[in-house]
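A.B. asks: What follows is the file protein.cif, containing mmCIF, C-alpha atoms:
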data_protein
loop_
_atom_site.label_atom_id
_atom_site.label_comp_id
_atom_site.auth_asym_id
_atom_site.auth_seq_id
_atom_site.Cartn_x
_atom_site.Cartn_y
_atom_site.Cartn_z
CA MET A 1212 32.60 30.30 -1.54
CA THR A 1213 32.39 33.72 -3.20
CA PRO A 1214 28.77 34.94 -3.08
CA PRO A 1215 27.18 35.20 -6.56
CA ASN A 1216 27.02 39.02 -6.56
CA ALA A 1217 30.70 39.33 -5.72
CA ALA A 1218 31.57 36.84 -8.49
CA ARG A 1219 29.55 38.86 -10.97
CA ARG A 1220 31.19 42.09 -9.85
CA SER A 1221 34.57 40.47 -10.15
CA GLU A 1222 33.79 39.19 -13.65
CA ARG A 1223 32.64 42.68 -14.65
CA ALA A 1224 35.83 44.29 -13.30
CA HIS A 1225 37.96 41.69 -15.11
CA ARG A 1226 36.23 42.44 -18.42
CA ALA A 1227 36.44 46.23 -17.85
CA ILE A 1228 40.20 45.97 -17.28
CA LEU A 1229 40.76 43.96 -20.48
CA GLU A 1230 38.70 46.45 -22.47
CA ALA A 1231 40.42 49.50 -20.96
CA ALA A 1232 43.86 48.03 -21.64
CA TYR A 1233 42.94 47.28 -25.27
CA ALA A 1234 41.50 50.75 -25.91
CA LEU A 1235 44.48 52.52 -24.34
CA ALA A 1236 47.03 50.36 -26.19
CA VAL A 1237 45.31 51.02 -29.54
CA ASP A 1238 45.24 54.71 -28.73
CA ARG A 1239 48.78 55.27 -27.41
CA GLY A 1240 50.72 52.14 -28.30
CA ALA A 1241 51.48 49.45 -25.72
CA ALA A 1242 54.73 51.12 -24.58
CA LYS A 1243 52.95 54.26 -23.32
CA VAL A 1244 50.15 52.52 -21.44
CA THR A 1245 50.44 52.45 -17.64
CA ILE A 1246 48.66 50.33 -15.04
CA GLU A 1247 47.46 53.62 -13.48
CA ALA A 1248 45.77 54.68 -16.72
CA ILE A 1249 44.15 51.27 -17.18
CA ALA A 1250 42.86 51.29 -13.61
CA ALA A 1251 41.43 54.81 -14.04
CA ARG A 1252 39.69 53.95 -17.30
CA ALA A 1253 38.30 50.66 -15.98
CA GLY A 1254 37.11 52.34 -12.75
CA VAL A 1255 39.03 49.96 -10.49
CA GLY A 1256 41.96 50.33 -8.12
CA LYS A 1257 45.50 49.41 -9.19
CA GLN A 1258 45.47 46.66 -6.54
CA THR A 1259 42.59 44.97 -8.34
CA ILE A 1260 44.72 44.74 -11.48
CA TYR A 1261 47.76 43.45 -9.59
CA ARG A 1262 45.61 40.80 -7.93
CA TRP A 1263 45.11 39.17 -11.35
CA TRP A 1264 48.19 40.17 -13.34
CA PRO A 1265 51.79 40.53 -12.12
CA SER A 1266 52.74 43.13 -14.76
CA LYS A 1267 51.48 45.26 -17.61
CA GLY A 1268 53.04 42.77 -20.04
CA ALA A 1269 51.07 39.87 -18.57
CA LEU A 1270 47.83 41.86 -18.76
CA LEU A 1271 48.44 42.87 -22.39
CA LEU A 1272 49.13 39.25 -23.30
CA ASP A 1273 45.73 38.30 -21.88
CA VAL A 1274 44.14 41.12 -23.86
CA LEU A 1275 45.78 39.73 -26.98
CA ILE A 1276 44.59 36.18 -26.33
CA ASP A 1277 41.10 37.54 -25.72
CA ALA A 1278 41.13 39.60 -28.94
CA VAL A 1279 42.39 36.81 -31.19
CA GLY A 1280 40.18 34.18 -29.56
CA ALA A 1281 37.57 34.42 -32.30
CA VAL A 1282 40.04 33.94 -35.16
CA SER A 1283 42.06 31.20 -33.44
CA GLU A 1284 39.41 28.63 -34.16
CA MET A 1285 39.94 26.59 -37.28
CA PRO A 1286 36.78 25.51 -39.10
CA ASP A 1287 36.45 21.93 -40.33
CA THR A 1288 33.85 21.54 -43.06
CA GLY A 1289 35.72 18.66 -44.70
CA ASP A 1290 37.02 20.99 -47.45
CA VAL A 1291 40.47 22.16 -46.39
CA THR A 1292 40.75 24.79 -49.13
CA ALA A 1293 37.51 26.46 -48.06
CA ASP A 1294 38.47 26.24 -44.38
CA LEU A 1295 41.90 27.79 -44.95
CA LYS A 1296 40.41 30.53 -47.11
CA ALA A 1297 37.85 31.38 -44.41
CA GLN A 1298 40.37 31.34 -41.58
CA MET A 1299 43.13 33.24 -43.40
CA THR A 1300 40.61 35.85 -44.49
CA ALA A 1301 39.45 36.28 -40.87
CA VAL A 1302 43.04 36.80 -39.66
CA THR A 1303 43.71 39.21 -42.52
CA ARG A 1304 40.65 41.28 -41.64
CA LEU A 1305 41.62 41.38 -37.97
CA PHE A 1306 45.06 42.67 -39.00
CA GLN A 1307 43.42 45.38 -41.13
CA SER A 1308 41.54 46.68 -38.05
CA ASP A 1309 42.53 48.68 -34.93
CA PHE A 1310 43.92 45.46 -33.60
CA ALA A 1311 47.02 45.90 -35.81
CA ARG A 1312 48.13 48.85 -33.73
CA PHE A 1313 47.63 46.94 -30.52
CA TYR A 1314 49.55 43.94 -31.79
CA THR A 1315 52.54 45.77 -33.29
CA GLY A 1316 52.88 47.73 -30.03
CA LEU A 1317 53.01 44.49 -28.09
CA ILE A 1318 55.60 43.04 -30.48
CA ALA A 1319 57.73 46.15 -29.89
CA GLU A 1320 57.38 45.64 -26.12
CA ALA A 1321 58.46 42.03 -26.58
CA GLN A 1322 61.80 43.11 -28.10
CA GLY A 1323 62.78 44.63 -24.75
CA ASP A 1324 60.84 42.39 -22.33
CA GLU A 1325 61.82 38.74 -22.28
CA ALA A 1326 58.68 37.63 -20.40
CA VAL A 1327 56.40 39.24 -22.99
CA ALA A 1328 58.47 37.73 -25.80
CA ARG A 1329 58.21 34.27 -24.27
CA GLY A 1330 54.52 34.71 -23.57
CA LEU A 1331 53.86 35.81 -27.16
CA ALA A 1332 55.84 32.96 -28.61
CA GLU A 1333 54.52 30.22 -26.33
CA GLN A 1334 50.95 31.08 -25.62
CA LEU A 1335 49.78 32.85 -28.69
CA LEU A 1336 51.69 31.03 -31.37
CA ASP A 1337 50.96 27.61 -29.90
CA ARG A 1338 47.34 28.58 -29.51
CA ALA A 1339 47.07 29.77 -33.11
CA ASP A 1340 49.47 27.32 -34.72
CA GLY A 1341 48.21 24.17 -33.05
CA PRO A 1342 44.72 24.19 -34.62
CA ARG A 1343 46.19 25.10 -38.04
CA ARG A 1344 48.61 22.22 -37.98
CA ALA A 1345 45.92 19.85 -36.72
CA ARG A 1346 43.57 20.87 -39.56
CA LEU A 1347 46.31 20.30 -42.16
CA ALA A 1348 47.18 16.91 -40.63
CA LYS A 1349 43.52 15.88 -40.79
CA ALA A 1350 43.39 16.90 -44.47
CA GLN A 1351 46.42 14.67 -45.02
CA ARG A 1352 44.57 11.74 -43.43
CA ASP A 1353 41.53 12.57 -45.58
CA GLY A 1354 43.73 12.39 -48.70
CA GLU A 1355 43.09 16.06 -49.48
CA LEU A 1356 46.77 16.94 -49.00
CA ARG A 1357 50.08 15.15 -49.63
CA ALA A 1358 50.80 12.88 -46.70
CA ASP A 1359 54.58 13.36 -46.86
CA VAL A 1360 54.60 17.11 -46.36
CA ASP A 1361 55.77 18.85 -43.16
CA VAL A 1362 52.60 20.43 -41.71
CA ALA A 1363 54.57 22.93 -39.61
CA ALA A 1364 56.31 24.26 -42.73
CA ALA A 1365 52.98 24.32 -44.57
CA ALA A 1366 51.28 26.30 -41.79
CA GLU A 1367 54.13 28.82 -41.80
CA ALA A 1368 54.14 29.23 -45.58
CA LEU A 1369 50.42 30.03 -45.38
CA TYR A 1370 50.32 32.24 -42.29
CA ALA A 1371 53.74 33.87 -41.95
CA PRO A 1372 53.13 36.28 -44.88
CA ILE A 1373 50.10 37.67 -43.03
CA TYR A 1374 52.13 38.38 -39.85
CA TYR A 1375 55.19 39.55 -41.75
CA ARG A 1376 53.26 42.26 -43.57
CA LEU A 1377 51.88 43.49 -40.28
CA LEU A 1378 55.20 43.48 -38.45
CA LEU A 1379 57.29 45.00 -41.20
CA ARG A 1380 54.59 47.62 -41.71
CA THR A 1381 54.24 47.17 -45.42
CA ALA A 1382 50.71 47.28 -46.83
CA PRO A 1383 48.59 44.69 -44.98
CA LEU A 1384 47.80 41.58 -46.96
CA GLY A 1385 44.53 41.94 -48.87
CA VAL A 1386 41.96 39.24 -49.44
CA ASP A 1387 43.09 38.86 -53.09
CA GLN A 1388 46.59 38.15 -51.88
CA VAL A 1389 45.26 35.49 -49.52
CA HIS A 1390 43.89 33.74 -52.58
CA ALA A 1391 47.20 34.07 -54.48
CA LEU A 1392 49.07 32.68 -51.48
CA LEU A 1393 46.70 29.72 -51.15
CA ASP A 1394 47.11 29.01 -54.86
CA VAL A 1395 50.91 28.96 -54.53
CA VAL A 1396 51.05 26.81 -51.43
CA LEU A 1397 48.32 24.35 -52.38
CA ASP A 1398 49.41 23.78 -55.96
CA GLY A 1399 53.11 24.56 -55.68
CA LEU A 1400 55.44 26.49 -57.91
CA ARG A 1401 56.57 23.66 -60.15
CA PRO A 1402 54.62 22.98 -63.31
CA ARG A 1403 52.39 19.92 -62.96
CA GLU A 1404 53.60 17.34 -65.46
CA MET B 1292 87.47 68.77 -55.44
CA THR B 1293 88.13 67.01 -52.12
CA PRO B 1294 91.82 66.12 -51.89
CA PRO B 1295 92.45 62.34 -51.90
CA ASN B 1296 93.63 62.22 -48.26
CA ALA B 1297 90.53 64.00 -47.06
CA ALA B 1298 88.36 61.64 -49.10
CA ARG B 1299 90.12 58.64 -47.54
CA ARG B 1300 89.70 60.07 -44.05
CA SER B 1301 86.08 60.73 -44.74
CA GLU B 1302 85.56 57.18 -46.01
CA ARG B 1303 87.26 55.81 -42.89
CA ALA B 1304 85.09 57.91 -40.59
CA HIS B 1305 81.95 56.82 -42.46
CA ARG B 1306 82.87 53.15 -42.04
CA ALA B 1307 83.82 53.62 -38.35
CA ILE B 1308 80.42 55.18 -37.65
CA LEU B 1309 78.53 52.30 -39.31
CA GLU B 1310 80.56 49.75 -37.35
CA ALA B 1311 80.18 51.59 -34.03
CA ALA B 1312 76.41 51.88 -34.53
CA TYR B 1313 76.11 48.18 -35.34
CA ALA B 1314 78.19 47.06 -32.33
CA LEU B 1315 76.30 49.31 -29.90
CA ALA B 1316 72.89 48.29 -31.24
CA VAL B 1317 73.77 44.58 -30.92
CA ASP B 1318 74.98 45.23 -27.39
CA ARG B 1319 72.22 47.45 -26.00
CA GLY B 1320 69.36 47.18 -28.47
CA ALA B 1321 68.63 49.95 -30.98
CA ALA B 1322 66.35 51.87 -28.58
CA LYS B 1323 69.15 52.51 -26.07
CA VAL B 1324 71.80 53.62 -28.57
CA THR B 1325 72.50 57.36 -28.72
CA ILE B 1326 74.28 59.47 -31.33
CA GLU B 1327 76.67 60.54 -28.53
CA ALA B 1328 77.69 56.94 -27.81
CA ILE B 1329 78.16 56.17 -31.51
CA ALA B 1330 80.33 59.28 -31.97
CA ALA B 1331 82.45 58.38 -28.93
CA ARG B 1332 82.97 54.80 -30.05
CA ALA B 1333 83.75 55.79 -33.65
CA GLY B 1334 86.14 58.53 -32.49
CA VAL B 1335 84.34 61.29 -34.39
CA GLY B 1336 82.35 64.36 -33.37
CA LYS B 1337 78.53 64.29 -33.29
CA GLN B 1338 78.51 66.90 -36.05
CA THR B 1339 80.28 64.46 -38.38
CA ILE B 1340 77.43 62.01 -37.91
CA TYR B 1341 74.76 64.68 -38.44
CA ARG B 1342 76.50 65.79 -41.63
CA TRP B 1343 75.63 62.40 -43.18
CA TRP B 1344 72.51 61.26 -41.31
CA PRO B 1345 69.59 63.39 -40.10
CA SER B 1346 68.70 61.02 -37.23
CA LYS B 1347 69.67 57.87 -35.38
CA GLY B 1348 66.93 56.02 -37.26
CA ALA B 1349 68.39 57.02 -40.64
CA LEU B 1350 71.86 55.91 -39.55
CA LEU B 1351 70.60 52.55 -38.26
CA LEU B 1352 68.76 51.95 -41.55
CA ASP B 1353 72.04 52.45 -43.40
CA VAL B 1354 73.75 50.02 -41.02
CA LEU B 1355 71.04 47.49 -41.79
CA ILE B 1356 71.36 47.91 -45.54
CA ASP B 1357 75.12 47.51 -45.17
CA ALA B 1358 74.77 44.35 -43.06
CA VAL B 1359 72.26 42.63 -45.32
CA GLY B 1360 74.03 43.67 -48.51
CA ALA B 1361 75.77 40.33 -48.84
CA VAL B 1362 72.60 38.26 -48.52
CA SER B 1363 70.47 40.54 -50.71
CA GLU B 1364 72.05 39.21 -53.86
CA MET B 1365 70.17 36.42 -55.54
CA PRO B 1366 72.31 33.84 -57.36
CA ASP B 1367 71.34 32.67 -60.84
CA THR B 1368 72.92 29.36 -61.78
CA GLY B 1369 70.00 28.37 -64.00
CA ASP B 1370 68.67 26.00 -61.29
CA VAL B 1371 66.08 27.91 -59.28
CA THR B 1372 65.78 25.26 -56.56
CA ALA B 1373 69.52 25.38 -55.85
CA ASP B 1374 69.54 29.18 -55.97
CA LEU B 1375 66.64 29.51 -53.55
CA LYS B 1376 68.17 26.94 -51.22
CA ALA B 1377 71.49 28.82 -51.18
CA GLN B 1378 69.91 32.23 -50.66
CA MET B 1379 67.35 31.16 -48.04
CA THR B 1380 70.11 29.36 -46.13
CA ALA B 1381 72.27 32.52 -46.19
CA VAL B 1382 69.40 34.63 -44.78
CA THR B 1383 68.65 31.98 -42.15
CA ARG B 1384 72.28 31.95 -41.01
CA LEU B 1385 72.37 35.75 -40.81
CA PHE B 1386 69.26 35.63 -38.63
CA GLN B 1387 70.93 33.07 -36.34
CA SER B 1388 73.83 35.50 -35.73
CA ASP B 1389 74.26 38.70 -33.67
CA PHE B 1390 72.48 40.44 -36.47
CA ALA B 1391 69.15 39.12 -35.14
CA ARG B 1392 69.44 41.35 -32.08
CA PHE B 1393 70.25 44.35 -34.21
CA TYR B 1394 67.34 43.74 -36.54
CA THR B 1395 64.67 43.04 -33.92
CA GLY B 1396 65.74 46.21 -32.10
CA LEU B 1397 65.27 48.20 -35.27
CA ILE B 1398 61.86 46.64 -35.88
CA ALA B 1399 60.86 47.67 -32.35
CA GLU B 1400 62.03 51.25 -33.11
CA ALA B 1401 59.95 51.18 -36.28
CA GLN B 1402 56.74 50.56 -34.31
CA GLY B 1403 57.09 54.00 -32.74
CA ASP B 1404 58.95 55.89 -35.50
CA GLU B 1405 57.08 56.31 -38.76
CA ALA B 1406 60.22 57.32 -40.73
CA VAL B 1407 62.08 54.18 -39.66
CA ALA B 1408 59.02 52.05 -40.45
CA ARG B 1409 58.75 53.57 -43.92
CA GLY B 1410 62.48 53.24 -44.50
CA LEU B 1411 62.43 49.58 -43.47
CA ALA B 1412 59.44 48.79 -45.62
CA GLU B 1413 60.55 50.71 -48.70
CA GLN B 1414 64.28 50.41 -48.83
CA LEU B 1415 65.02 47.08 -47.30
CA LEU B 1416 62.04 45.07 -48.44
CA ASP B 1417 62.18 46.39 -51.98
CA ARG B 1418 65.91 45.79 -52.03
CA ALA B 1419 65.51 42.21 -50.79
CA ASP B 1420 62.20 41.38 -52.44
CA GLY B 1421 62.99 42.77 -55.88
CA PRO B 1422 65.81 40.31 -56.71
CA ARG B 1423 63.80 37.38 -55.31
CA ARG B 1424 60.78 38.17 -57.43
CA ALA B 1425 62.98 38.77 -60.48
CA ARG B 1426 64.66 35.37 -60.02
CA LEU B 1427 61.30 33.60 -59.72
CA ALA B 1428 59.99 35.41 -62.81
CA LYS B 1429 63.05 34.31 -64.78
CA ALA B 1430 62.48 30.70 -63.66
CA GLN B 1431 58.93 31.04 -64.98
CA ARG B 1432 60.27 32.16 -68.35
CA ASP B 1433 62.74 29.26 -68.27
CA GLY B 1434 59.84 26.85 -67.73
CA GLU B 1435 61.20 25.82 -64.33
CA LEU B 1436 58.16 27.24 -62.52
CA ARG B 1437 54.44 27.55 -63.35
CA ALA B 1438 53.95 30.66 -65.47
CA ASP B 1439 50.52 31.49 -64.00
CA VAL B 1440 51.62 31.87 -60.41
CA ASP B 1441 51.86 35.21 -58.56
CA VAL B 1442 55.62 35.71 -57.94
CA ALA B 1443 55.02 38.18 -55.10
CA ALA B 1444 52.93 35.59 -53.23
CA ALA B 1445 55.55 32.93 -53.97
CA ALA B 1446 58.39 35.10 -52.63
CA GLU B 1447 56.42 35.77 -49.45
CA ALA B 1448 55.50 32.13 -48.88
CA LEU B 1449 59.23 31.31 -49.10
CA TYR B 1450 60.73 34.19 -47.13
CA ALA B 1451 58.07 35.38 -44.67
CA PRO B 1452 58.52 32.32 -42.39
CA ILE B 1453 62.19 33.27 -41.93
CA TYR B 1454 61.34 36.85 -40.85
CA TYR B 1455 58.31 35.81 -38.84
CA ARG B 1456 60.34 33.46 -36.65
CA LEU B 1457 62.81 36.23 -35.99
CA LEU B 1458 60.22 38.88 -35.20
CA LEU B 1459 57.97 36.76 -33.05
CA ARG B 1460 61.04 35.48 -31.23
CA THR B 1461 60.26 31.80 -31.57
CA ALA B 1462 63.19 29.51 -32.35
CA PRO B 1463 64.94 30.78 -35.48
CA LEU B 1464 64.31 28.74 -38.59
CA GLY B 1465 66.92 26.02 -39.03
CA VAL B 1466 68.42 24.85 -42.28
CA ASP B 1467 66.31 21.64 -42.19
CA GLN B 1468 63.21 23.78 -42.00
CA VAL B 1469 64.37 25.78 -45.02
CA HIS B 1470 64.35 22.52 -46.95
CA ALA B 1471 60.88 21.56 -45.68
CA LEU B 1472 59.58 25.00 -46.64
CA LEU B 1473 61.06 24.76 -50.13
CA ASP B 1474 59.51 21.32 -50.56
CA VAL B 1475 56.06 22.65 -49.60
CA VAL B 1476 56.17 25.74 -51.78
CA LEU B 1477 57.80 24.17 -54.83
CA ASP B 1478 55.68 21.03 -54.93
CA GLY B 1479 52.56 22.27 -53.21
CA LEU B 1480 50.31 20.68 -50.64
CA ARG B 1481 47.92 18.93 -52.97
CA PRO B 1482 48.70 15.38 -54.04
CA ARG B 1483 50.04 15.24 -57.60
CA GLU B 1484 47.55 13.30 -59.74
#
Mind turning the file's structure into structure tokens?

C.D. replies:
Amino acid sequence: MTPPNAARRSERAHRAILEAAYALAVDRGAAKVTIEAIAARAGVGKQTIYRWWPSKGALLLDVLIDAVGAVSEMPDTGDVTADLKAQMTAVTRLFQSDFARFYTGLIAEAQGDEAVARGLAEQLLDRADGPRRARLAKAQRDGELRADVDVAAAAEALYAPIYYRLLLRTAPLGVDQVHALLDVVLDGLRPRE
Amino acid sequence: MTPPNAARRSERAHRAILEAAYALAVDRGAAKVTIEAIAARAGVGKQTIYRWWPSKGALLLDVLIDAVGAVSEMPDTGDVTADLKAQMTAVTRLFQSDFARFYTGLIAEAQGDEAVARGLAEQLLDRADGPRRARLAKAQRDGELRADVDVAAAAEALYAPIYYRLLLRTAPLGVDQVHALLDVVLDGLRPRE
């Protein structure tokens, strides 16, 4: 068994590495960050990093999962409109912060690194998408939403515009636009008879 | 005045450069393409390229605009559902082709090159988004769509999922999913009373 002090030290080093990688990637862009620089900033040896992560890409994916952890949760108050508004606003605000620079850098890395691309697609999207789809499906069972609608398509209509703005580097979606988007997707484009 | 033969030669060289740049970017990814390689493949001198384009980024943006030209047009048959279905299907098919590799490479370039990012956002998105918004606004005037809806939000709910799939490298949107998306956004998520 690892003695308690060693476990605590190890936990501290792990956290320091994640924080150093995030700060450096925000500062320089993911492409220009090296394992050497992360190790130096975190005050650990390179070997410590390689003990936990096989590559820079794998480490940055963990940083991403850590950073989006807070906004990956989907509230359930029983009012799906309020829950979507709260969650979409939280994602929007995250994308208006420093995090945007970290995330777009990682997306750029993914275009040339198949493992990062797969990791992004599988881990992060499933992690974020799963709870959104589940919340929409529950609202269908509650009679709040049409039962015959494709929840995957609904989740993408709601969330893709937030990502798309970030990735195509147009102005980030504002909170007002979150409301306009919710209005469109909840009530539809066709006139109600 | 440029004599007709010179104008024809110039037009041919211009076209050869666009095609060489596209083929090389599909093959190697935009980041690894050089002006030298484009010039060699097009059978022109580097100076000929620099006469028309100040940088590789500017040239690749023109290639992009050329490639998406065909799917940027928005049909108007008087039936907005049919027009959206046709246009969204055309974009989806383009994104399932070789073009996807070209486009994701250019997006990656944009993360580290502010001029490319601005060019992508301004030229391409305005060029693609403008006709979509205009078509939706006309459908509002025709009474086909709710008049009180934000057309920018509607256009993004419809098209962002197509781009988002491409950029985040998950499975590209299929034609069935285009139909599911249209169903969600046209009829909305809420049950009709």

A.B. asks: For chain B against chain A, which residues fall within 7 Å using all atoms listed in the file, given as JSON, numbers by chain?

C.D. replies: {"B": [1395, 1396, 1399, 1402, 1408, 1412, 1435, 1436, 1437, 1440, 1441, 1444, 1445, 1447, 1448, 1449, 1451, 1452, 1454, 1455, 1459, 1460, 1461, 1468, 1471, 1472, 1475, 1476, 1477, 1478, 1479, 1480, 1481, 1482]}

A.B. asks: For those residues, write C-alpha atoms to a file as a CSV table (one decimal), in the coordinates of the input.

C.D. replies:
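Resulting contents of part.csv:
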chain,number,residue,atom,x,y,z
B,1395,THR,CA,64.7,43.0,-33.9
B,1396,GLY,CA,65.7,46.2,-32.1
B,1399,ALA,CA,60.9,47.7,-32.4
B,1402,GLN,CA,56.7,50.6,-34.3
B,1408,ALA,CA,59.0,52.0,-40.4
B,1412,ALA,CA,59.4,48.8,-45.6
B,1435,GLU,CA,61.2,25.8,-64.3
B,1436,LEU,CA,58.2,27.2,-62.5
B,1437,ARG,CA,54.4,27.6,-63.4
B,1440,VAL,CA,51.6,31.9,-60.4
B,1441,ASP,CA,51.9,35.2,-58.6
B,1444,ALA,CA,52.9,35.6,-53.2
B,1445,ALA,CA,55.6,32.9,-54.0
B,1447,GLU,CA,56.4,35.8,-49.4
B,1448,ALA,CA,55.5,32.1,-48.9
B,1449,LEU,CA,59.2,31.3,-49.1
B,1451,ALA,CA,58.1,35.4,-44.7
B,1452,PRO,CA,58.5,32.3,-42.4
B,1454,TYR,CA,61.3,36.8,-40.8
B,1455,TYR,CA,58.3,35.8,-38.8
B,1459,LEU,CA,58.0,36.8,-33.0
B,1460,ARG,CA,61.0,35.5,-31.2
B,1461,THR,CA,60.3,31.8,-31.6
B,1468,GLN,CA,63.2,23.8,-42.0
B,1471,ALA,CA,60.9,21.6,-45.7
B,1472,LEU,CA,59.6,25.0,-46.6
B,1475,VAL,CA,56.1,22.6,-49.6
B,1476,VAL,CA,56.2,25.7,-51.8
B,1477,LEU,CA,57.8,24.2,-54.8
B,1478,ASP,CA,55.7,21.0,-54.9
B,1479,GLY,CA,52.6,22.3,-53.2
B,1480,LEU,CA,50.3,20.7,-50.6
B,1481,ARG,CA,47.9,18.9,-53.0
B,1482,PRO,CA,48.7,15.4,-54.0

A.B. asks: Do you have the atom CA of A:Arg1304-atom CA of A:Asp1287 distance handy?

C.D. replies: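 Taking atom CA of A:Arg1304 and atom CA of A:Asp1287, their separation equals 19.8 Å.
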
A.B. asks: Would you pick out the contacts of A:Leu1270 at 9 Å or less, using only C-alpha atoms, so that residues sharing its chain but fewer than 6 positions from it are not included, and give the list as a ChimeraX atom specification?

C.D. replies: /A:1228-1229,1232,1260,1263-1264

A.B. asks: Grab the atom CA of A:Asp1353 to atom CA of A:Ala1293 distance for me, in Å with one decimal place.

C.D. replies: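 The value is 14.7 Å.
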
A.B. asks: What's the separation between atom CA of B:Leu1464 and atom CA of B:Arg1424, in Å to one decimal place?

C.D. replies: 21.4 Å

A.B. asks: If I put a ball of radius 12 Å at (83.2, 59.7, -32.6) in the file's coordinates, which residues poke into it when counting all atoms listed in the file, written as a list in words?

C.D. replies: Arg1303, Ala1304, His1305, Arg1306, Ala1307, Ile1308, Leu1309, Glu1310, Ala1311, Ala1312, Thr1325, Ile1326, Glu1327, Ala1328, Ile1329, Ala1330, Ala1331, Arg1332, Ala1333, Gly1334, Val1335, Gly1336, Lys1337, Gln1338, Thr1339, Ile1340 and Tyr1341 of chain B
